[in-house]
Amino acid sequence: MELVKQRILQDGQVKEGGVLKGDSFLNHQMDVAFLEEIGREFRRRFAGCQVDRILTIEASGIAVGSVVALEFACPLVFAKKSKTKNIAGDVYKTQVASFTHGTTYDVMVSKRFLTPEDRVLIVDDFLAVGNALRGLIDLVRQSGATLVGCGTVIEKGYQHGGDQLRAEGVRVESLAIVESMDHTTGQICFRD
Ligand code: 5GP
């Protein structure tokens with residue numbers, strides 16, 4: 001999506017270690033009008049698919065999830081990162097290794113909010129090696145719900161998480177795919 005590519009070029013910051021910051025428009029300060037366009041684009045890409053639940057992961061997926069849920073007129077559910085080992089109650093839980101923080105954490109969703117009848121679209125802000133999406137896919141599978149696909153705003157193609165998921169048959173739609181970045185020059189190249 002040209003709008004996302006232009007915004008990355010204008011406001012994205014390339015950091016060492018393959019990290020791209022989008023915190024002035026996407027996941028800290030948020031440009032809500034920009035997010036609204038993102039919601040519309042995912043609605044267009046998944047047109048014709050029945051979607052009755054959007055699933056994301058806290059915290060940075062929630063804003064994107066909200067605009068997508070608005071477009072599909074369905075609830076947004078976010079997987080919670082759990083600090084305690086003993087999660088009480090009826091929850092689906094899984095583990096996610098964090099690319100940005102170098103740690104592994106438990107995430108969980110209440111069984112009340114993912115059911116076998118649901119058709120779920122997973123969304124997130126960034127896709128890198130794919131651990132966050134894999135954790136969310138695991139929660140969907142545990143619940144018996146149907147996975148419609150995954151949508152991410154920015155995929156870092158050079159970390160191959162998206163291509164691995166596609167090769168496994170998961171529909172992954174990313175609005176901009178970064179093929180390479182150079183933190184010394186700030187240069188960013190996109191796929192296509
Ligand atoms: P993955 O699990 O695919 O390796 O990484 C995706 C998750 O890590 C996303 O939820 C996102 O919040 C975070 N993440 C991965 N790479 C980046 C990045 O370059 N910039 C930012 N801001 N977040 C990232």
# chains A, B, ... in the order shown; residues from 1 in each chain; ligands from 1

$ closest_atom_pairs --of "chain A" --to "ligand 1" --cutoff "8 Å" --atoms "only C-alpha atoms and all ligand atoms" --output "JSON lines"
{"residue": "A:Gly18", "atom": "CA", "partner": "ligand 1", "partner_atom_place_in_ligand_line": "19 (O)", "distance": 6.2}
{"residue": "A:Val19", "atom": "CA", "partner": "ligand 1", "partner_atom_place_in_ligand_line": "19 (O)", "distance": 3.4}
{"residue": "A:Leu20", "atom": "CA", "partner": "ligand 1", "partner_atom_place_in_ligand_line": "19 (O)", "distance": 3.8}
{"residue": "A:Lys21", "atom": "CA", "partner": "ligand 1", "partner_atom_place_in_ligand_line": "22 (N)", "distance": 4.7}
{"residue": "A:Gly22", "atom": "CA", "partner": "ligand 1", "partner_atom_place_in_ligand_line": "22 (N)", "distance": 5.8}
{"residue": "A:Asp23", "atom": "CA", "partner": "ligand 1", "partner_atom_place_in_ligand_line": "22 (N)", "distance": 6.7}
{"residue": "A:Asn27", "atom": "CA", "partner": "ligand 1", "partner_atom_place_in_ligand_line": "22 (N)", "distance": 7.1}
{"residue": "A:Ile57", "atom": "CA", "partner": "ligand 1", "partner_atom_place_in_ligand_line": "10 (O)", "distance": 6.8}
{"residue": "A:Glu58", "atom": "CA", "partner": "ligand 1", "partner_atom_place_in_ligand_line": "10 (O)", "distance": 7.9}
{"residue": "A:Ala59", "atom": "CA", "partner": "ligand 1", "partner_atom_place_in_ligand_line": "12 (O)", "distance": 7.8}
{"residue": "A:Ser60", "atom": "CA", "partner": "ligand 1", "partner_atom_place_in_ligand_line": "12 (O)", "distance": 5.6}
{"residue": "A:Gly61", "atom": "CA", "partner": "ligand 1", "partner_atom_place_in_ligand_line": "10 (O)", "distance": 6.6}
{"residue": "A:Val96", "atom": "CA", "partner": "ligand 1", "partner_atom_place_in_ligand_line": "2 (O)", "distance": 7.2}
{"residue": "A:Ala97", "atom": "CA", "partner": "ligand 1", "partner_atom_place_in_ligand_line": "2 (O)", "distance": 6.7}
{"residue": "A:Ser98", "atom": "CA", "partner": "ligand 1", "partner_atom_place_in_ligand_line": "2 (O)", "distance": 5.8}
{"residue": "A:Phe99", "atom": "CA", "partner": "ligand 1", "partner_atom_place_in_ligand_line": "4 (O)", "distance": 4.6}
{"residue": "A:Thr100", "atom": "CA", "partner": "ligand 1", "partner_atom_place_in_ligand_line": "14 (N)", "distance": 5.5}
{"residue": "A:Asp124", "atom": "CA", "partner": "ligand 1", "partner_atom_place_in_ligand_line": "10 (O)", "distance": 6.0}
{"residue": "A:Asp125", "atom": "CA", "partner": "ligand 1", "partner_atom_place_in_ligand_line": "11 (C)", "distance": 6.0}
{"residue": "A:Phe126", "atom": "CA", "partner": "ligand 1", "partner_atom_place_in_ligand_line": "11 (C)", "distance": 4.5}
{"residue": "A:Leu127", "atom": "CA", "partner": "ligand 1", "partner_atom_place_in_ligand_line": "3 (O)", "distance": 4.0}
{"residue": "A:Ala128", "atom": "CA", "partner": "ligand 1", "partner_atom_place_in_ligand_line": "3 (O)", "distance": 3.5}
{"residue": "A:Val129", "atom": "CA", "partner": "ligand 1", "partner_atom_place_in_ligand_line": "4 (O)", "distance": 3.7}
{"residue": "A:Gly130", "atom": "CA", "partner": "ligand 1", "partner_atom_place_in_ligand_line": "3 (O)", "distance": 3.3}
{"residue": "A:Asn131", "atom": "CA", "partner": "ligand 1", "partner_atom_place_in_ligand_line": "2 (O)", "distance": 3.5}
{"residue": "A:Ala132", "atom": "CA", "partner": "ligand 1", "partner_atom_place_in_ligand_line": "2 (O)", "distance": 3.7}
{"residue": "A:Leu133", "atom": "CA", "partner": "ligand 1", "partner_atom_place_in_ligand_line": "2 (O)", "distance": 6.3}
{"residue": "A:Arg134", "atom": "CA", "partner": "ligand 1", "partner_atom_place_in_ligand_line": "2 (O)", "distance": 7.7}
{"residue": "A:Lys156", "atom": "CA", "partner": "ligand 1", "partner_atom_place_in_ligand_line": "19 (O)", "distance": 7.3}
{"residue": "A:Gln159", "atom": "CA", "partner": "ligand 1", "partner_atom_place_in_ligand_line": "4 (O)", "distance": 7.9}
{"residue": "A:Gly161", "atom": "CA", "partner": "ligand 1", "partner_atom_place_in_ligand_line": "3 (O)", "distance": 6.1}
{"residue": "A:Gly162", "atom": "CA", "partner": "ligand 1", "partner_atom_place_in_ligand_line": "3 (O)", "distance": 8.0}

$ select_by_dssp --residues "chain A" --states "helix (DSSP H, G or I)" --output "ChimeraX atom specification"
/A:2-11,32-45,62-72,111-113,131-143,157-159,161-167

$ atom_distance --atom1 "CA of Val153 (chain A)" --atom2 "CA of Leu26 (chain A)"
9.0 Å

$ atom_distance --atom1 "CA of Arg40 (chain A)" --atom2 "CA of Leu70 (chain A)"
9.2 Å

$ residues_around --residues "Arg7 (chain A)" --least-positions-apart "2" --cutoff "12 Å" --atoms "only C-alpha atoms" --output "list in words"
Met1, Glu2, Leu3, Val4, Lys5, Leu9, Gln10, Asp11, Gly12, Gln13, Lys21, Gly22, Asp23, Ser24, Phe25, Leu26, Asp31, Phe34, Leu35, Ile38, Val153, Ile154, Leu175, Ala176 and Ile188 of chain A

$ write_last_selection --atoms "N, CA, C and O atoms" --output "compact mmCIF listing (two decimals), in the first residue's frame"
# COMPACT_ATOMS: atom_id res chain seq x y z
N MET A 1 0.87 -1.18 0.00
CA MET A 1 0.00 0.00 0.00
C MET A 1 0.91 1.24 0.00
O MET A 1 1.75 1.40 0.91
N GLU A 2 0.71 2.08 -1.00
CA GLU A 2 1.61 3.22 -1.20
C GLU A 2 1.64 4.15 0.04
O GLU A 2 2.69 4.67 0.44
N LEU A 3 0.47 4.35 0.63
CA LEU A 3 0.37 5.24 1.79
C LEU A 3 1.30 4.78 2.93
O LEU A 3 1.96 5.60 3.58
N VAL A 4 1.35 3.48 3.15
CA VAL A 4 2.18 2.95 4.24
C VAL A 4 3.66 3.09 3.88
O VAL A 4 4.48 3.51 4.70
N LYS A 5 4.00 2.76 2.64
CA LYS A 5 5.40 2.89 2.22
C LYS A 5 5.87 4.34 2.36
O LYS A 5 6.96 4.60 2.89
N LEU A 9 8.86 5.85 4.78
CA LEU A 9 9.99 6.63 4.25
C LEU A 9 10.06 8.00 4.92
O LEU A 9 11.14 8.51 5.21
N GLN A 10 8.90 8.56 5.19
CA GLN A 10 8.85 9.91 5.78
C GLN A 10 9.17 9.90 7.28
O GLN A 10 9.96 10.72 7.75
N ASP A 11 8.58 8.95 8.01
CA ASP A 11 8.65 9.03 9.47
C ASP A 11 9.28 7.82 10.17
O ASP A 11 9.45 7.84 11.39
N GLY A 12 9.55 6.74 9.41
CA GLY A 12 10.15 5.56 10.04
C GLY A 12 11.60 5.83 10.40
O GLY A 12 12.27 6.62 9.74
N GLN A 13 12.07 5.17 11.44
CA GLN A 13 13.47 5.33 11.84
C GLN A 13 14.13 3.96 11.86
O GLN A 13 13.63 3.04 12.53
N LYS A 21 11.49 1.72 13.64
CA LYS A 21 10.57 2.38 14.57
C LYS A 21 9.50 3.12 13.79
O LYS A 21 9.79 3.86 12.85
N GLY A 22 8.27 2.90 14.23
CA GLY A 22 7.15 3.62 13.63
C GLY A 22 6.36 4.30 14.72
O GLY A 22 5.14 4.43 14.65
N ASP A 23 7.10 4.72 15.76
CA ASP A 23 6.39 5.17 16.95
C ASP A 23 5.82 6.58 16.86
O ASP A 23 5.10 7.02 17.75
N SER A 24 6.11 7.30 15.76
CA SER A 24 5.50 8.63 15.63
C SER A 24 4.15 8.58 14.92
O SER A 24 3.44 9.57 14.87
N PHE A 25 3.80 7.38 14.36
CA PHE A 25 2.52 7.30 13.65
C PHE A 25 1.74 6.02 13.90
O PHE A 25 0.54 5.97 13.68
N LEU A 26 2.43 4.96 14.39
CA LEU A 26 1.79 3.64 14.41
C LEU A 26 1.57 3.05 15.79
O LEU A 26 0.51 2.47 16.05
N ASP A 31 -1.34 8.16 14.36
CA ASP A 31 -2.07 8.98 13.40
C ASP A 31 -3.37 8.22 13.10
O ASP A 31 -3.38 7.26 12.32
N PHE A 34 -4.61 7.98 9.50
CA PHE A 34 -3.79 6.99 8.79
C PHE A 34 -4.25 5.57 9.14
O PHE A 34 -4.44 4.72 8.26
N LEU A 35 -4.49 5.34 10.43
CA LEU A 35 -4.96 4.02 10.85
C LEU A 35 -6.31 3.68 10.24
O LEU A 35 -6.57 2.53 9.86
N ILE A 38 -5.82 2.26 6.97
CA ILE A 38 -5.31 0.89 7.10
C ILE A 38 -6.47 -0.08 7.34
O ILE A 38 -6.54 -1.15 6.73
N VAL A 153 0.72 -4.48 9.27
CA VAL A 153 0.95 -3.19 8.60
C VAL A 153 2.33 -3.21 7.94
O VAL A 153 2.46 -2.90 6.76
N ILE A 154 3.35 -3.58 8.70
CA ILE A 154 4.72 -3.58 8.18
C ILE A 154 5.33 -4.96 8.39
O ILE A 154 5.43 -5.44 9.53
N LEU A 175 0.82 -4.69 4.44
CA LEU A 175 0.57 -3.49 3.65
C LEU A 175 1.85 -2.89 3.07
O LEU A 175 1.82 -2.20 2.08
N ALA A 176 2.98 -3.16 3.73
CA ALA A 176 4.28 -2.79 3.18
C ALA A 176 5.27 -3.86 3.61
O ALA A 176 5.27 -4.27 4.78
N ILE A 188 15.78 2.56 3.05
CA ILE A 188 14.80 1.47 3.20
C ILE A 188 14.35 1.06 1.80
O ILE A 188 13.97 1.91 0.98

$ atom_distance --atom1 "CA of Gly39 (chain A)" --atom2 "CA of Asp163 (chain A)"
22.6 Å

$ residues_around --residues "Thr185 (chain A)" --least-positions-apart "2" --cutoff "12 Å" --atoms "only C-alpha atoms" --output "list in words"
Gln13, Val14, Lys15, Glu16, Ser180, Met181, Asp182, His183, Gln187, Ile188 and Cys189 of chain A
